[in-house]
Amino acid sequence: MNGNRHPLFMPLIFVGGLIFGFGLGFSHMARPEVVLNFLQFTDFGLLFVMGGAAVVTGIAFALVPRLLERAPLTGDTYGRRLKSFDRNVLIGGGIFGVGWGLSGICPGAAYASLGVGNVTILWALAGMFVGAYLQGYWRSQRAGSTAPASAD
């Protein structure tokens with residue numbers, strides 16, 4: 001953890017989560033049926049919510065580095081983290097899409113859905129945790145099998 005972080009770093013992350021959850025609940029995006037209706041092309045509200053969020057984020061990402069030299073809460077310099085578009089991104093995105101379509105919820109909205117009283121979403125959350133664990137286990141096994149043998 002970065003020792004240069006401002007004392008308000010964690011509380012402000014919490015406030016950001018509150019705003020995010022409230023926005024998801026207020027826009028009804030925490031309801032799986034809304035997401036499923038979007039995926040079936042019968043309700044495009046999700047498209048407008050995501051588009052609005054992308055516009056606000058894009059403006060912030062364009063302006064803040066021009067106004068400030070360093071991030072105020074971490075002290076880090078601004079920079080781009082580029083991720084190449086490779087096979088893992090394509091396959092992972094496809095798997096994510098299948099899970100999204102089957103459950104009708106994506107990770108952030110799943111927690112907000114729990115907050116609005118959808119207790120059944122615990123099954124999807126449990127599935128996400130188990131799926132992430134299995135992927136990590138699979139990746140560590142692959143990394144171990146490709147490691148060169150030691151010369152003892």
# chains A, B, ... in the order shown; residues from 1 in each chain; ligands from 1
>>> closest_atom_pairs(of="segment 14-104 of chain A", to="segment 124-148 of chain A", cutoff="10 Å", atoms="only C-alpha atoms", output="Markdown table")
| residue | atom | partner | partner_atom | distance |
| --- | --- | --- | --- | --- |
| A:Gly99 | CA | A:Met128 | CA | 8.9 |
| A:Trp100 | CA | A:Ala124 | CA | 9.7 |
| A:Leu102 | CA | A:Ala124 | CA | 9.6 |
| A:Ser103 | CA | A:Ala124 | CA | 6.5 |
| A:Gly104 | CA | A:Ala124 | CA | 9.2 |
>>> write_last_selection(atoms="all heavy atoms", output="short mmCIF file (atom, residue, chain, number, x, y, z; two decimals), in the first residue's frame")
data_model
loop_
_atom_site.label_atom_id
_atom_site.label_comp_id
_atom_site.auth_asym_id
_atom_site.auth_seq_id
_atom_site.Cartn_x
_atom_site.Cartn_y
_atom_site.Cartn_z
N GLY A 99 -21.72 -15.08 -18.42
CA GLY A 99 -22.14 -14.99 -17.02
C GLY A 99 -23.09 -13.83 -16.78
O GLY A 99 -24.06 -13.95 -16.03
N TRP A 100 -22.82 -12.71 -17.44
CA TRP A 100 -23.68 -11.54 -17.31
C TRP A 100 -25.07 -11.85 -17.84
O TRP A 100 -26.08 -11.51 -17.23
CB TRP A 100 -23.04 -10.39 -18.08
CG TRP A 100 -23.67 -9.03 -17.91
CD1 TRP A 100 -24.32 -8.56 -16.80
CD2 TRP A 100 -23.69 -7.98 -18.86
NE1 TRP A 100 -24.73 -7.27 -17.02
CE2 TRP A 100 -24.36 -6.89 -18.28
CE3 TRP A 100 -23.20 -7.85 -20.14
CZ2 TRP A 100 -24.56 -5.68 -18.93
CZ3 TRP A 100 -23.40 -6.64 -20.80
CH2 TRP A 100 -24.07 -5.58 -20.20
N LEU A 102 -26.49 -14.86 -18.17
CA LEU A 102 -27.17 -15.88 -17.38
C LEU A 102 -27.68 -15.34 -16.05
O LEU A 102 -28.77 -15.67 -15.60
CB LEU A 102 -26.24 -17.07 -17.13
CG LEU A 102 -25.94 -17.94 -18.34
CD1 LEU A 102 -24.88 -18.98 -17.99
CD2 LEU A 102 -27.20 -18.63 -18.84
N SER A 103 -26.87 -14.49 -15.40
CA SER A 103 -27.26 -13.99 -14.08
C SER A 103 -28.05 -12.69 -14.17
O SER A 103 -28.79 -12.36 -13.25
CB SER A 103 -26.03 -13.77 -13.21
OG SER A 103 -25.23 -12.71 -13.72
N GLY A 104 -27.85 -11.94 -15.24
CA GLY A 104 -28.54 -10.65 -15.39
C GLY A 104 -27.92 -9.57 -14.53
O GLY A 104 -28.54 -8.54 -14.27
#
>>> atom_distance(atom1="atom CA of Gly25 of chain A", atom2="atom CA of Leu46 of chain A")
12.2 Å
>>> residues_around(residues="segment 110-116 of chain A", least_positions_apart="6", cutoff="9 Å", atoms="only C-alpha atoms", output="PyMOL selection string")
chain A and resi 20-22+24-25+29-32+122+124-125
>>> atom_distance(atom1="atom CA of Arg81 of chain A", atom2="atom CA of Gly97 of chain A")
23.3 Å
>>> select_by_dssp(residues="chain A", states="helix (DSSP H, G or I)", output="PyMOL selection string")
chain A and resi 9-26+32-39+45-67+87-103+107-115+121-146
>>> residues_around(residues="Arg5 of chain A", least_positions_apart="3", cutoff="7 Å", atoms="only C-alpha atoms", output="PyMOL selection string")
chain A and resi 2+9+73-75
>>> residues_around(residues="Tyr78 of chain A", least_positions_apart="3", cutoff="7 Å", atoms="only C-alpha atoms", output="short mmCIF file (atom, residue, chain, number, x, y, z; two decimals) with all heavy atoms, in the first residue's frame")
data_model
loop_
_atom_site.label_atom_id
_atom_site.label_comp_id
_atom_site.auth_asym_id
_atom_site.auth_seq_id
_atom_site.Cartn_x
_atom_site.Cartn_y
_atom_site.Cartn_z
N PRO A 65 -5.84 15.53 -15.26
CA PRO A 65 -4.38 15.57 -15.42
C PRO A 65 -3.86 16.92 -15.94
O PRO A 65 -2.71 17.26 -15.71
CB PRO A 65 -4.09 14.46 -16.44
CG PRO A 65 -5.25 13.54 -16.33
CD PRO A 65 -6.42 14.42 -16.02
N ARG A 70 -0.39 15.84 -9.84
CA ARG A 70 -0.44 14.53 -9.16
C ARG A 70 -1.85 14.29 -8.62
O ARG A 70 -2.58 15.23 -8.34
CB ARG A 70 0.55 14.48 -8.00
CG ARG A 70 2.00 14.58 -8.44
CD ARG A 70 2.91 14.38 -7.23
NE ARG A 70 4.28 14.22 -7.63
CZ ARG A 70 4.83 13.08 -8.01
NH1 ARG A 70 4.13 11.99 -8.04
NH2 ARG A 70 6.10 13.01 -8.35
N ALA A 71 -2.17 13.02 -8.46
CA ALA A 71 -3.47 12.66 -7.86
C ALA A 71 -3.48 13.17 -6.42
O ALA A 71 -2.55 12.88 -5.66
CB ALA A 71 -3.67 11.16 -7.91
#
>>> decode(residues="segment 25-136 of chain A", atoms="C-alpha atoms", output="PDB file, in the first residue's frame")
ATOM      1  CA  GLY A  25     -30.271   1.642  -7.208  1.00  0.00           C
ATOM      2  CA  PHE A  26     -31.813   4.945  -8.299  1.00  0.00           C
ATOM      3  CA  SER A  27     -31.452   4.097 -12.001  1.00  0.00           C
ATOM      4  CA  HIS A  28     -32.836   0.578 -11.391  1.00  0.00           C
ATOM      5  CA  MET A  29     -29.630  -0.962 -12.784  1.00  0.00           C
ATOM      6  CA  ALA A  30     -29.341  -3.080  -9.621  1.00  0.00           C
ATOM      7  CA  ARG A  31     -32.349  -5.105 -10.793  1.00  0.00           C
ATOM      8  CA  PRO A  32     -31.413  -8.171 -12.875  1.00  0.00           C
ATOM      9  CA  GLU A  33     -34.615  -7.955 -14.910  1.00  0.00           C
ATOM     10  CA  VAL A  34     -33.574  -4.501 -16.175  1.00  0.00           C
ATOM     11  CA  VAL A  35     -30.194  -5.869 -17.284  1.00  0.00           C
ATOM     12  CA  LEU A  36     -31.822  -8.908 -18.912  1.00  0.00           C
ATOM     13  CA  ASN A  37     -34.301  -6.654 -20.750  1.00  0.00           C
ATOM     14  CA  PHE A  38     -31.345  -4.648 -22.067  1.00  0.00           C
ATOM     15  CA  LEU A  39     -29.609  -7.819 -23.246  1.00  0.00           C
ATOM     16  CA  GLN A  40     -32.838  -8.838 -25.014  1.00  0.00           C
ATOM     17  CA  PHE A  41     -33.029  -5.417 -26.730  1.00  0.00           C
ATOM     18  CA  THR A  42     -36.324  -4.467 -25.050  1.00  0.00           C
ATOM     19  CA  ASP A  43     -35.047  -1.743 -22.659  1.00  0.00           C
ATOM     20  CA  PHE A  44     -32.137   0.557 -23.501  1.00  0.00           C
ATOM     21  CA  GLY A  45     -31.988   2.383 -20.157  1.00  0.00           C
ATOM     22  CA  LEU A  46     -28.747   0.588 -19.273  1.00  0.00           C
ATOM     23  CA  LEU A  47     -27.152   1.934 -22.437  1.00  0.00           C
ATOM     24  CA  PHE A  48     -27.970   5.511 -21.377  1.00  0.00           C
ATOM     25  CA  VAL A  49     -26.722   4.949 -17.805  1.00  0.00           C
ATOM     26  CA  MET A  50     -23.445   3.445 -19.053  1.00  0.00           C
ATOM     27  CA  GLY A  51     -23.113   6.140 -21.712  1.00  0.00           C
ATOM     28  CA  GLY A  52     -23.676   8.914 -19.186  1.00  0.00           C
ATOM     29  CA  ALA A  53     -21.119   7.387 -16.835  1.00  0.00           C
ATOM     30  CA  ALA A  54     -18.606   7.029 -19.680  1.00  0.00           C
ATOM     31  CA  VAL A  55     -19.043  10.701 -20.668  1.00  0.00           C
ATOM     32  CA  VAL A  56     -18.538  11.947 -17.088  1.00  0.00           C
ATOM     33  CA  THR A  57     -15.519   9.680 -16.603  1.00  0.00           C
ATOM     34  CA  GLY A  58     -14.048  10.644 -19.974  1.00  0.00           C
ATOM     35  CA  ILE A  59     -14.301  14.344 -19.165  1.00  0.00           C
ATOM     36  CA  ALA A  60     -12.686  13.801 -15.755  1.00  0.00           C
ATOM     37  CA  PHE A  61      -9.862  11.705 -17.245  1.00  0.00           C
ATOM     38  CA  ALA A  62      -9.231  14.381 -19.881  1.00  0.00           C
ATOM     39  CA  LEU A  63      -9.339  17.429 -17.593  1.00  0.00           C
ATOM     40  CA  VAL A  64      -7.931  16.382 -14.219  1.00  0.00           C
ATOM     41  CA  PRO A  65      -4.383  15.573 -15.417  1.00  0.00           C
ATOM     42  CA  ARG A  66      -4.286  19.001 -17.099  1.00  0.00           C
ATOM     43  CA  LEU A  67      -5.361  20.759 -13.908  1.00  0.00           C
ATOM     44  CA  LEU A  68      -3.334  18.765 -11.364  1.00  0.00           C
ATOM     45  CA  GLU A  69       0.173  17.381 -11.616  1.00  0.00           C
ATOM     46  CA  ARG A  70      -0.439  14.535  -9.163  1.00  0.00           C
ATOM     47  CA  ALA A  71      -3.466  12.664  -7.862  1.00  0.00           C
ATOM     48  CA  PRO A  72      -4.491  14.556  -4.709  1.00  0.00           C
ATOM     49  CA  LEU A  73      -5.217  11.515  -2.530  1.00  0.00           C
ATOM     50  CA  THR A  74      -2.361   9.209  -3.559  1.00  0.00           C
ATOM     51  CA  GLY A  75       0.370  11.579  -4.693  1.00  0.00           C
ATOM     52  CA  ASP A  76       0.861   9.392  -7.775  1.00  0.00           C
ATOM     53  CA  THR A  77       1.558  10.955 -11.151  1.00  0.00           C
ATOM     54  CA  TYR A  78      -1.084  10.530 -13.792  1.00  0.00           C
ATOM     55  CA  GLY A  79      -0.361   7.989 -16.470  1.00  0.00           C
ATOM     56  CA  ARG A  80      -2.062   5.568 -18.787  1.00  0.00           C
ATOM     57  CA  ARG A  81      -2.051   1.868 -18.098  1.00  0.00           C
ATOM     58  CA  LEU A  82      -2.270   0.187 -21.440  1.00  0.00           C
ATOM     59  CA  LYS A  83      -3.571  -3.353 -21.682  1.00  0.00           C
ATOM     60  CA  SER A  84      -3.024  -5.090 -24.954  1.00  0.00           C
ATOM     61  CA  PHE A  85      -5.986  -6.624 -26.704  1.00  0.00           C
ATOM     62  CA  ASP A  86      -4.956 -10.251 -26.635  1.00  0.00           C
ATOM     63  CA  ARG A  87      -6.536 -13.696 -26.595  1.00  0.00           C
ATOM     64  CA  ASN A  88      -7.128 -13.585 -22.817  1.00  0.00           C
ATOM     65  CA  VAL A  89      -9.071 -10.319 -23.106  1.00  0.00           C
ATOM     66  CA  LEU A  90     -11.238 -11.742 -25.876  1.00  0.00           C
ATOM     67  CA  ILE A  91     -11.927 -15.078 -24.159  1.00  0.00           C
ATOM     68  CA  GLY A  92     -12.364 -13.487 -20.717  1.00  0.00           C
ATOM     69  CA  GLY A  93     -14.778 -10.931 -22.152  1.00  0.00           C
ATOM     70  CA  GLY A  94     -16.787 -13.701 -23.784  1.00  0.00           C
ATOM     71  CA  ILE A  95     -16.954 -15.700 -20.556  1.00  0.00           C
ATOM     72  CA  PHE A  96     -17.926 -12.547 -18.640  1.00  0.00           C
ATOM     73  CA  GLY A  97     -20.672 -11.868 -21.191  1.00  0.00           C
ATOM     74  CA  VAL A  98     -22.115 -15.365 -20.813  1.00  0.00           C
ATOM     75  CA  GLY A  99     -22.138 -14.987 -17.021  1.00  0.00           C
ATOM     76  CA  TRP A 100     -23.678 -11.538 -17.308  1.00  0.00           C
ATOM     77  CA  GLY A 101     -26.424 -12.863 -19.567  1.00  0.00           C
ATOM     78  CA  LEU A 102     -27.169 -15.880 -17.380  1.00  0.00           C
ATOM     79  CA  SER A 103     -27.263 -13.990 -14.079  1.00  0.00           C
ATOM     80  CA  GLY A 104     -28.536 -10.655 -15.386  1.00  0.00           C
ATOM     81  CA  ILE A 105     -26.090  -8.780 -13.216  1.00  0.00           C
ATOM     82  CA  CYS A 106     -22.511  -7.540 -13.307  1.00  0.00           C
ATOM     83  CA  PRO A 107     -20.256  -7.376 -10.221  1.00  0.00           C
ATOM     84  CA  GLY A 108     -20.799  -3.783  -9.117  1.00  0.00           C
ATOM     85  CA  ALA A 109     -24.530  -3.972  -9.619  1.00  0.00           C
ATOM     86  CA  ALA A 110     -24.669  -7.298  -7.751  1.00  0.00           C
ATOM     87  CA  TYR A 111     -23.653  -5.623  -4.492  1.00  0.00           C
ATOM     88  CA  ALA A 112     -26.084  -2.778  -5.086  1.00  0.00           C
ATOM     89  CA  SER A 113     -28.797  -5.357  -5.836  1.00  0.00           C
ATOM     90  CA  LEU A 114     -28.147  -6.943  -2.457  1.00  0.00           C
ATOM     91  CA  GLY A 115     -28.507  -3.476  -0.940  1.00  0.00           C
ATOM     92  CA  VAL A 116     -31.963  -3.002  -2.465  1.00  0.00           C
ATOM     93  CA  GLY A 117     -33.147  -6.264  -0.933  1.00  0.00           C
ATOM     94  CA  ASN A 118     -32.432  -8.843  -3.651  1.00  0.00           C
ATOM     95  CA  VAL A 119     -31.166 -11.618  -1.375  1.00  0.00           C
ATOM     96  CA  THR A 120     -31.225 -14.160  -4.213  1.00  0.00           C
ATOM     97  CA  ILE A 121     -28.268 -12.290  -5.716  1.00  0.00           C
ATOM     98  CA  LEU A 122     -26.126 -13.995  -3.071  1.00  0.00           C
ATOM     99  CA  TRP A 123     -26.076 -17.011  -5.425  1.00  0.00           C
ATOM    100  CA  ALA A 124     -24.570 -14.894  -8.199  1.00  0.00           C
ATOM    101  CA  LEU A 125     -22.058 -13.342  -5.774  1.00  0.00           C
ATOM    102  CA  ALA A 126     -21.058 -16.791  -4.522  1.00  0.00           C
ATOM    103  CA  GLY A 127     -20.654 -17.920  -8.121  1.00  0.00           C
ATOM    104  CA  MET A 128     -18.452 -14.891  -8.893  1.00  0.00           C
ATOM    105  CA  PHE A 129     -16.185 -15.631  -5.933  1.00  0.00           C
ATOM    106  CA  VAL A 130     -15.914 -19.332  -6.772  1.00  0.00           C
ATOM    107  CA  GLY A 131     -15.335 -18.557 -10.456  1.00  0.00           C
ATOM    108  CA  ALA A 132     -12.590 -16.038  -9.643  1.00  0.00           C
ATOM    109  CA  TYR A 133     -10.978 -18.489  -7.224  1.00  0.00           C
ATOM    110  CA  LEU A 134     -11.054 -21.293  -9.807  1.00  0.00           C
ATOM    111  CA  GLN A 135      -9.545 -19.023 -12.443  1.00  0.00           C
ATOM    112  CA  GLY A 136      -6.749 -18.005 -10.053  1.00  0.00           C
TER     113      GLY A 136
END
